[in-house]
>>> print(open('protein.cif').read())   # mmCIF, C-alpha atoms
data_my_file
#
loop_
_atom_site.label_atom_id
_atom_site.label_comp_id
_atom_site.auth_asym_id
_atom_site.auth_seq_id
_atom_site.Cartn_x
_atom_site.Cartn_y
_atom_site.Cartn_z
CA MET A 17 -3.86 -21.54 -21.78
CA ARG A 18 -5.56 -22.95 -18.69
CA ILE A 19 -2.58 -25.22 -18.05
CA LEU A 20 -0.20 -22.24 -18.18
CA SER A 21 -2.44 -20.26 -15.83
CA PHE A 22 -2.59 -23.16 -13.39
CA MET A 23 1.20 -23.61 -13.46
CA LEU A 24 1.68 -19.90 -12.79
CA LEU A 25 -0.75 -20.08 -9.88
CA ILE A 26 1.13 -23.00 -8.32
CA LEU A 27 4.44 -21.21 -8.79
CA VAL A 28 3.25 -18.05 -7.03
CA MET A 29 1.68 -20.04 -4.20
CA CYS A 30 4.87 -22.01 -3.66
CA SER A 31 6.84 -18.78 -3.63
CA ALA A 32 4.45 -17.36 -1.07
CA MET A 33 4.90 -20.33 1.22
CA SER A 34 8.69 -20.45 0.94
CA ALA A 35 9.51 -16.74 1.01
CA HIS A 36 8.12 -16.15 4.53
CA GLY A 37 4.61 -16.91 3.29
CA GLN A 38 3.52 -13.38 2.45
CA VAL A 39 4.11 -12.63 -1.23
CA LEU A 40 0.43 -12.33 -2.11
CA ARG A 41 -0.69 -9.93 0.58
CA ARG A 42 1.12 -6.86 -0.78
CA PRO A 43 -0.60 -5.73 -4.00
CA LEU A 44 1.58 -5.16 -7.05
CA ALA A 45 0.23 -1.60 -7.19
CA ALA A 46 1.25 -0.86 -3.58
CA PRO A 47 3.63 1.92 -4.79
CA TYR A 48 0.69 3.44 -6.71
CA MET A 49 -1.59 3.34 -3.69
CA GLY A 50 0.94 4.80 -1.26
CA LEU A 51 2.60 7.29 -3.61
CA GLY A 52 1.55 10.40 -1.67
CA ALA A 53 2.98 9.32 1.69
CA TYR A 54 5.95 11.72 1.58
CA SER A 55 3.92 14.78 0.63
CA VAL A 56 1.59 17.43 1.98
CA ASN A 57 -0.18 18.50 -1.20
CA HIS A 58 -0.63 15.04 -2.74
CA THR A 59 -1.38 12.71 0.15
CA ASP A 60 -4.67 10.78 0.42
CA VAL A 61 -6.11 8.09 2.69
CA PHE A 62 -4.28 5.28 0.84
CA SER A 63 -0.94 6.93 1.64
CA PHE A 64 -0.84 5.36 5.10
CA THR A 65 -0.57 1.92 3.48
CA SER A 66 3.01 2.99 2.70
CA ASN A 67 3.78 4.96 5.87
CA GLN A 68 1.32 5.34 8.75
CA ALA A 69 2.74 8.77 9.65
CA SER A 70 1.08 10.24 6.53
CA LEU A 71 -2.29 9.61 8.18
CA ALA A 72 -1.57 12.68 10.35
CA GLN A 73 -2.11 14.91 7.29
CA LEU A 74 -5.71 13.78 6.80
CA LYS A 75 -8.18 16.66 7.24
CA ASN A 76 -11.53 14.82 7.12
CA ALA A 77 -13.01 11.34 7.08
CA VAL A 78 -12.27 9.34 3.91
CA ALA A 79 -12.94 5.76 2.82
CA GLY A 80 -11.52 3.86 -0.13
CA VAL A 81 -11.24 0.45 -1.73
CA TYR A 82 -8.75 -0.97 -4.21
CA GLY A 83 -8.88 -4.23 -6.18
CA GLU A 84 -6.52 -5.85 -8.65
CA ARG A 85 -6.33 -9.09 -10.64
CA ARG A 86 -2.70 -10.12 -10.54
CA PHE A 87 -1.43 -11.22 -13.97
CA MET A 88 -5.09 -11.49 -15.08
CA LEU A 89 -5.67 -14.54 -12.84
CA ALA A 90 -8.81 -14.52 -10.69
CA GLU A 91 -7.08 -16.82 -8.16
CA LEU A 92 -4.48 -14.11 -7.50
CA SER A 93 -6.91 -11.26 -6.94
CA HIS A 94 -6.20 -8.77 -4.18
CA TYR A 95 -8.55 -6.33 -2.40
CA THR A 96 -7.74 -3.56 0.07
CA ALA A 97 -10.20 -1.31 1.94
CA VAL A 98 -9.18 1.67 4.07
CA ILE A 99 -10.87 4.23 6.30
CA GLY A 100 -9.29 7.37 7.73
CA LEU A 101 -10.83 9.30 10.63
CA PRO A 102 -9.34 12.56 12.01
CA THR A 103 -9.86 13.42 15.68
CA ARG A 104 -8.61 16.13 18.03
CA SER A 105 -6.23 13.66 19.69
CA GLY A 106 -4.78 12.30 16.42
CA ASN A 107 -5.95 10.47 13.33
CA PHE A 108 -7.07 6.84 13.12
CA GLY A 109 -7.03 4.46 10.18
CA LEU A 110 -8.48 1.03 9.51
CA ARG A 111 -7.12 -1.24 6.79
CA THR A 112 -8.40 -4.64 5.64
CA GLY A 113 -6.94 -6.84 2.94
CA TYR A 114 -7.81 -10.09 1.17
CA SER A 115 -5.64 -12.02 -1.31
CA GLY A 116 -6.15 -15.35 -3.06
CA PHE A 117 -9.15 -17.59 -3.68
CA SER A 118 -11.20 -20.27 -1.90
CA GLU A 119 -8.40 -22.87 -1.77
CA TYR A 120 -5.71 -20.50 -0.53
CA ASN A 121 -6.18 -17.01 0.82
CA GLU A 122 -4.60 -14.46 3.11
CA THR A 123 -6.34 -11.77 5.11
CA GLN A 124 -5.12 -8.82 7.12
CA LEU A 125 -6.84 -6.42 9.52
CA GLY A 126 -4.87 -3.39 10.69
CA LEU A 127 -5.60 -0.50 13.04
CA ALA A 128 -3.42 2.61 12.61
CA TYR A 129 -2.88 5.81 14.58
CA ALA A 130 -0.90 8.92 13.63
CA MET A 131 -0.25 12.34 15.11
CA LYS A 132 1.69 15.50 14.35
CA LEU A 133 4.73 16.47 16.38
CA GLY A 134 4.54 20.17 15.73
CA SER A 135 4.77 21.35 12.14
CA LYS A 136 7.95 19.50 11.17
CA ALA A 137 7.30 15.84 11.98
CA ASP A 138 4.53 13.21 11.91
CA ILE A 139 4.60 9.75 13.47
CA GLY A 140 2.33 6.72 13.08
CA VAL A 141 1.93 3.10 14.12
CA GLN A 142 -0.25 0.20 13.00
CA PHE A 143 -1.08 -3.17 14.59
CA ASN A 144 -2.06 -6.03 12.28
CA TYR A 145 -3.84 -9.35 12.54
CA ASN A 146 -2.64 -11.63 9.71
CA ALA A 147 -4.18 -14.96 8.72
CA ILE A 148 -3.56 -17.66 6.13
CA ARG A 149 -6.30 -20.13 5.24
CA ILE A 150 -5.85 -23.38 3.32
CA PRO A 151 -9.01 -25.52 3.67
CA ALA A 152 -7.08 -28.80 3.38
CA TYR A 153 -4.68 -27.82 6.18
CA GLY A 154 -6.53 -25.31 8.34
CA ASN A 155 -5.88 -21.73 9.42
CA ILE A 156 -2.88 -20.01 10.98
CA SER A 157 -2.53 -16.44 12.21
CA ALA A 158 0.03 -13.97 13.51
CA ILE A 159 0.17 -10.52 15.09
CA SER A 160 2.54 -7.89 13.72
CA PHE A 161 3.10 -4.15 13.87
CA GLU A 162 4.57 -1.43 11.70
CA ALA A 163 5.53 2.18 12.35
CA GLY A 164 6.83 5.21 10.51
CA ALA A 165 7.90 8.83 10.77
CA ILE A 166 7.88 11.66 8.23
CA PHE A 167 9.90 14.86 8.53
CA HIS A 168 8.98 18.05 6.70
CA ILE A 169 12.40 19.50 5.91
CA THR A 170 10.87 22.41 4.00
CA ASP A 171 7.41 23.19 2.66
CA LYS A 172 8.29 21.16 -0.44
CA LEU A 173 10.81 18.51 0.70
CA HIS A 174 9.71 15.63 2.93
CA THR A 175 11.58 12.52 4.08
CA GLY A 176 11.05 9.66 6.48
CA PHE A 177 11.32 5.97 7.28
CA HIS A 178 9.06 2.99 7.87
CA ILE A 179 9.57 -0.36 9.59
CA ASN A 180 7.32 -3.39 9.21
CA ASN A 181 7.47 -6.39 11.54
CA PRO A 182 10.95 -5.81 13.05
CA VAL A 183 10.23 -8.56 15.61
CA GLY A 184 7.67 -11.35 15.99
CA GLY A 185 5.03 -11.96 13.37
CA LYS A 186 5.29 -15.76 13.52
CA PHE A 187 2.54 -18.16 12.44
CA GLY A 188 1.18 -21.33 14.03
CA LYS A 189 1.93 -23.18 17.24
CA ASP A 190 5.49 -24.08 16.24
CA GLN A 191 6.05 -20.52 14.90
CA GLN A 192 8.26 -21.66 12.06
CA GLU A 193 6.49 -19.56 9.42
CA LYS A 194 7.39 -15.87 9.77
CA LEU A 195 6.35 -12.59 8.24
CA PRO A 196 9.40 -10.86 6.75
CA SER A 197 10.90 -7.73 8.28
CA VAL A 198 10.82 -4.76 5.91
CA TYR A 199 12.71 -1.46 6.27
CA THR A 200 11.99 1.57 4.09
CA ALA A 201 13.50 5.04 3.67
CA GLY A 202 11.75 7.51 1.41
CA PHE A 203 11.46 11.10 0.33
CA GLY A 204 9.05 13.25 -1.65
CA TYR A 205 9.25 16.63 -3.34
CA ASP A 206 6.17 18.81 -3.77
CA ALA A 207 7.35 20.76 -6.79
CA SER A 208 3.93 22.45 -6.92
CA GLU A 209 0.30 21.76 -6.12
CA LYS A 210 0.15 19.99 -9.48
CA PHE A 211 3.41 18.00 -9.61
CA PHE A 212 4.95 15.62 -7.08
CA PHE A 213 7.89 13.20 -7.15
CA SER A 214 8.68 10.44 -4.66
CA ALA A 215 11.14 7.57 -4.22
CA GLU A 216 11.57 4.77 -1.67
CA VAL A 217 14.45 2.41 -0.92
CA ILE A 218 13.07 -0.85 0.50
CA LYS A 219 15.02 -3.70 2.12
CA GLU A 220 12.96 -6.80 2.78
CA GLU A 221 14.41 -9.66 4.79
CA ASP A 222 16.31 -12.13 2.56
CA GLN A 223 15.47 -10.10 -0.56
CA PRO A 224 17.56 -7.67 -2.66
CA VAL A 225 17.14 -3.93 -2.22
CA ASN A 226 14.19 -2.51 -4.15
CA VAL A 227 13.68 1.08 -5.29
CA ASN A 228 10.20 2.43 -6.01
CA ALA A 229 9.95 5.78 -7.78
CA GLY A 230 6.88 7.60 -9.01
CA VAL A 231 5.35 10.91 -10.03
CA GLN A 232 1.91 12.45 -9.90
CA TYR A 233 0.65 15.28 -12.07
CA ILE A 234 -2.72 17.00 -11.68
CA PHE A 235 -3.80 18.37 -15.06
CA ILE A 236 -6.93 19.97 -13.63
CA PRO A 237 -8.53 19.47 -10.17
CA GLN A 238 -10.69 16.69 -11.63
CA LEU A 239 -7.96 14.77 -13.49
CA ARG A 240 -4.65 13.33 -12.29
CA ALA A 241 -2.08 10.84 -13.56
CA ARG A 242 0.46 8.67 -11.76
CA ALA A 243 3.36 6.68 -13.14
CA GLY A 244 6.33 4.87 -11.67
CA MET A 245 8.62 1.84 -11.57
CA SER A 246 9.89 -0.80 -9.15
CA SER A 247 13.50 -1.89 -9.67
CA ALA A 248 13.34 -5.33 -8.05
CA THR A 249 11.01 -6.74 -10.70
CA SER A 250 11.60 -4.12 -13.41
CA SER A 251 7.84 -3.60 -13.39
CA ALA A 252 6.16 -0.32 -14.31
CA TRP A 253 2.81 1.08 -13.21
CA LEU A 254 0.51 3.75 -14.56
CA GLY A 255 -2.89 5.14 -13.64
CA LEU A 256 -5.43 7.89 -14.22
CA GLY A 257 -7.73 9.34 -11.57
CA LEU A 258 -11.00 11.21 -12.11
CA SER A 259 -12.52 13.26 -9.27
CA LEU A 260 -16.20 14.22 -9.21
CA LYS A 261 -17.11 16.27 -6.15
CA SER A 262 -16.41 13.96 -3.16
CA PHE A 263 -15.83 10.84 -5.25
CA ARG A 264 -12.65 9.66 -7.02
CA ILE A 265 -12.05 6.70 -9.30
CA ASP A 266 -8.59 5.56 -10.49
CA VAL A 267 -7.90 3.03 -13.23
CA ALA A 268 -4.41 1.59 -12.79
CA SER A 269 -2.24 -1.06 -14.41
CA THR A 270 1.04 -2.74 -13.52
CA TYR A 271 3.22 -4.43 -16.12
CA HIS A 272 5.72 -7.21 -15.43
CA PRO A 273 8.04 -8.02 -18.36
CA GLN A 274 7.59 -11.80 -17.99
CA LEU A 275 4.22 -12.27 -16.31
CA GLY A 276 2.21 -9.55 -18.02
CA ILE A 277 -0.43 -7.05 -16.99
CA THR A 278 -2.18 -6.58 -13.65
CA PRO A 279 -5.23 -4.27 -13.92
CA GLY A 280 -6.52 -2.43 -10.86
CA LEU A 281 -9.38 -0.15 -9.82
CA LEU A 282 -9.37 2.33 -6.93
CA LEU A 283 -12.45 4.04 -5.49
CA LEU A 284 -12.30 6.81 -2.90
CA PHE A 285 -15.03 8.76 -1.12
CA ASN A 286 -14.36 11.91 0.89
CA PHE A 287 -16.93 12.65 3.59
CA GLY A 288 -15.83 16.29 3.92
CA LYS A 289 -15.00 18.69 1.15
CA SER A 290 -14.43 17.65 -2.45
CA GLU A 291 -11.69 15.05 -2.95
CA SER A 292 -9.68 17.37 -5.18
CA GLY A 293 -9.36 19.72 -2.23
CA GLU A 294 -8.15 17.04 0.17
CA LYS A 295 -4.62 17.50 1.57
#
>>> encode(input="protein.cif", output="structure tokens")
Amino acid sequence: MRILSFMLLILVMCSAMSAHGQVLRRPLAAPYMGLGAYSVNHTDVFSFTSNQASLAQLKNAVAGVYGERRFMLAELSHYTAVIGLPTRSGNFGLRTGYSGFSEYNETQLGLAYAMKLGSKADIGVQFNYNAIRIPAYGNISAISFEAGAIFHITDKLHTGFHINNPVGGKFGKDQQEKLPSVYTAGFGYDASEKFFFSAEVIKEEDQPVNVNAGVQYIFIPQLRARAGMSSATSSAWLGLGLSLKSFRIDVASTYHPQLGITPGLLLLFNFGKSESGEK
């Protein structure tokens, strides 16, 4: 069993280094975390990890952290922490991420800003510092940016786009290792304050088109469920969230048909009103 785990670890690391070096940084449950981006009733602070423009909908300060153990391997663990802060001149967000283990790890630090353009459009941008550390070979880093826009077609229908690293994002002195460019178009439908549906079409550089689709249903203000699927890997994800006053905890899981289960845990704290009332 240990031999199989080690072989899987080497395979994923090699894939990360060959496919623009950044496979590990994006958590498998990224569609779960960012599900509420194209919404008004179902957005939360993690939504800006999918599209920074959704940060404009934040009403009060919120902090959250998410962790997952990819395919049950400690060496492939991923952690993301976010903070959202509304101000009179727009809303700010801070995102940090860590993937890997002591012998190979990737980190990211991002600063985001979003604002409303009237009642029908939101825009956002984020600047990132990305680093890869391999003790035997040293550290390399790169600067990148991402931006997005969301349009509120009606009170229930929302659509938008997101671009990640359209230019630059190259590592090292020779700059031969590059972050991939990623382009996303998405939409969401707020069927009610309890039910929401969203889908994204994602085109990553040198990769086939991927479609993420998911739903959220709020049974009662304290209990919600999310479920969805990613077409590129035929992987499904599912999670339950429990809200208690200003605190929320989600237990999530992603399933890959060949590589197995990836469990995840999300914690969120709302510094204003109760989390179930957050828009």
>>> closest_residue(input="protein.cif", among="A:Asn107, A:Ser93, A:Ser55, A:Thr270", to="Leu71 (chain A)", atoms="all atoms listed in the file")
A:Asn107
>>> closest_residue(input="protein.cif", among="A:Phe263, A:Phe212, A:Tyr48, A:Phe177", to="Gln68 (chain A)", atoms="only C-alpha atoms")
A:Phe177
>>> atom_distance(input="protein.cif", atom1="CA of Val56 (chain A)", atom2="CA of Lys172 (chain A)")
8.0 Å
>>> residues_around(input="protein.cif", residues="Glu84 (chain A)", least_positions_apart="5", cutoff="6 Å", atoms="all atoms listed in the file", output="compact mmCIF listing (two decimals) with C-alpha atoms, in the coordinates of the input")
# COMPACT_ATOMS: atom_id res chain seq x y z
CA SER A 93 -6.91 -11.26 -6.94
CA HIS A 94 -6.20 -8.77 -4.18
CA PRO A 279 -5.23 -4.27 -13.92
CA GLY A 280 -6.52 -2.43 -10.86
>>> resolve_selection(input="protein.cif", expression="the PyMOL selection byres ((chain A and resi 281) around 6)", output="number ranges by chain")
A: 82-83, 266-267, 280, 282
>>> resolve_selection(input="protein.cif", expression="the PyMOL selection byres ((chain A and resi 232-242) around 9)", output="NGL selection string")
:A and (48 or 51-52 or 58 or 209-214 or 230-231 or 243-244 or 253-261 or 264 or 266 or 268 or 291-293)
>>> resolve_selection(input="protein.cif", expression="the PyMOL selection byres ((chain A and resi 180) around 8)", output="PyMOL selection string")
chain A and resi 160-163+178-179+181-182+197-199
>>> atom_distance(input="protein.cif", atom1="CA of Asn121 (chain A)", atom2="CA of Ile159 (chain A)")
16.9 Å
>>> closest_residue(input="protein.cif", among="A:Val227, A:Thr103, A:Leu195, A:Glu119", to="Gly154 (chain A)", atoms="all atoms listed in the file")
A:Glu119
>>> build_atoms(input="protein.cif", residues="region 144-165 of chain A", atoms="N, CA and C atoms", output="short mmCIF file (atom, residue, chain, number, x, y, z; two decimals), keeping the file's coordinate frame")
data_model
loop_
_atom_site.label_atom_id
_atom_site.label_comp_id
_atom_site.auth_asym_id
_atom_site.auth_seq_id
_atom_site.Cartn_x
_atom_site.Cartn_y
_atom_site.Cartn_z
N ASN A 144 -1.42 -5.19 13.28
CA ASN A 144 -2.06 -6.03 12.28
C ASN A 144 -2.36 -7.43 12.81
N TYR A 145 -3.50 -7.94 12.37
CA TYR A 145 -3.84 -9.35 12.54
C TYR A 145 -3.75 -9.99 11.17
N ASN A 146 -2.87 -10.98 11.00
CA ASN A 146 -2.64 -11.63 9.71
C ASN A 146 -3.07 -13.09 9.79
N ALA A 147 -3.71 -13.57 8.73
CA ALA A 147 -4.18 -14.96 8.72
C ALA A 147 -3.98 -15.57 7.35
N ILE A 148 -3.66 -16.86 7.35
CA ILE A 148 -3.56 -17.66 6.13
C ILE A 148 -4.53 -18.83 6.26
N ARG A 149 -5.32 -19.05 5.21
CA ARG A 149 -6.30 -20.13 5.24
C ARG A 149 -6.10 -21.05 4.04
N ILE A 150 -5.89 -22.33 4.34
CA ILE A 150 -5.85 -23.38 3.32
C ILE A 150 -6.80 -24.47 3.80
N PRO A 151 -7.98 -24.60 3.17
CA PRO A 151 -9.01 -25.52 3.67
C PRO A 151 -8.49 -26.92 3.98
N ALA A 152 -7.57 -27.44 3.17
CA ALA A 152 -7.08 -28.80 3.38
C ALA A 152 -6.18 -28.92 4.60
N TYR A 153 -5.63 -27.77 5.07
CA TYR A 153 -4.68 -27.82 6.18
C TYR A 153 -5.09 -26.98 7.38
N GLY A 154 -6.08 -26.12 7.23
CA GLY A 154 -6.53 -25.31 8.34
C GLY A 154 -6.08 -23.87 8.25
N ASN A 155 -6.20 -23.15 9.37
CA ASN A 155 -5.88 -21.73 9.42
C ASN A 155 -4.73 -21.47 10.39
N ILE A 156 -3.92 -20.48 10.07
CA ILE A 156 -2.88 -20.01 10.98
C ILE A 156 -2.92 -18.49 11.00
N SER A 157 -2.46 -17.89 12.09
CA SER A 157 -2.53 -16.44 12.21
C SER A 157 -1.31 -15.92 12.97
N ALA A 158 -1.09 -14.62 12.85
CA ALA A 158 0.03 -13.97 13.51
C ALA A 158 -0.30 -12.50 13.73
N ILE A 159 0.30 -11.93 14.78
CA ILE A 159 0.17 -10.52 15.09
C ILE A 159 1.47 -9.82 14.71
N SER A 160 1.36 -8.66 14.08
CA SER A 160 2.54 -7.89 13.72
C SER A 160 2.25 -6.41 13.90
N PHE A 161 3.30 -5.60 13.81
CA PHE A 161 3.10 -4.15 13.87
C PHE A 161 4.07 -3.47 12.91
N GLU A 162 3.72 -2.25 12.55
CA GLU A 162 4.57 -1.43 11.70
C GLU A 162 4.47 0.01 12.17
N ALA A 163 5.50 0.80 11.88
CA ALA A 163 5.53 2.18 12.35
C ALA A 163 6.35 3.02 11.39
N GLY A 164 6.10 4.33 11.41
CA GLY A 164 6.83 5.21 10.51
C GLY A 164 6.88 6.63 11.03
N ALA A 165 7.76 7.41 10.44
CA ALA A 165 7.90 8.83 10.77
C ALA A 165 8.18 9.59 9.48
#
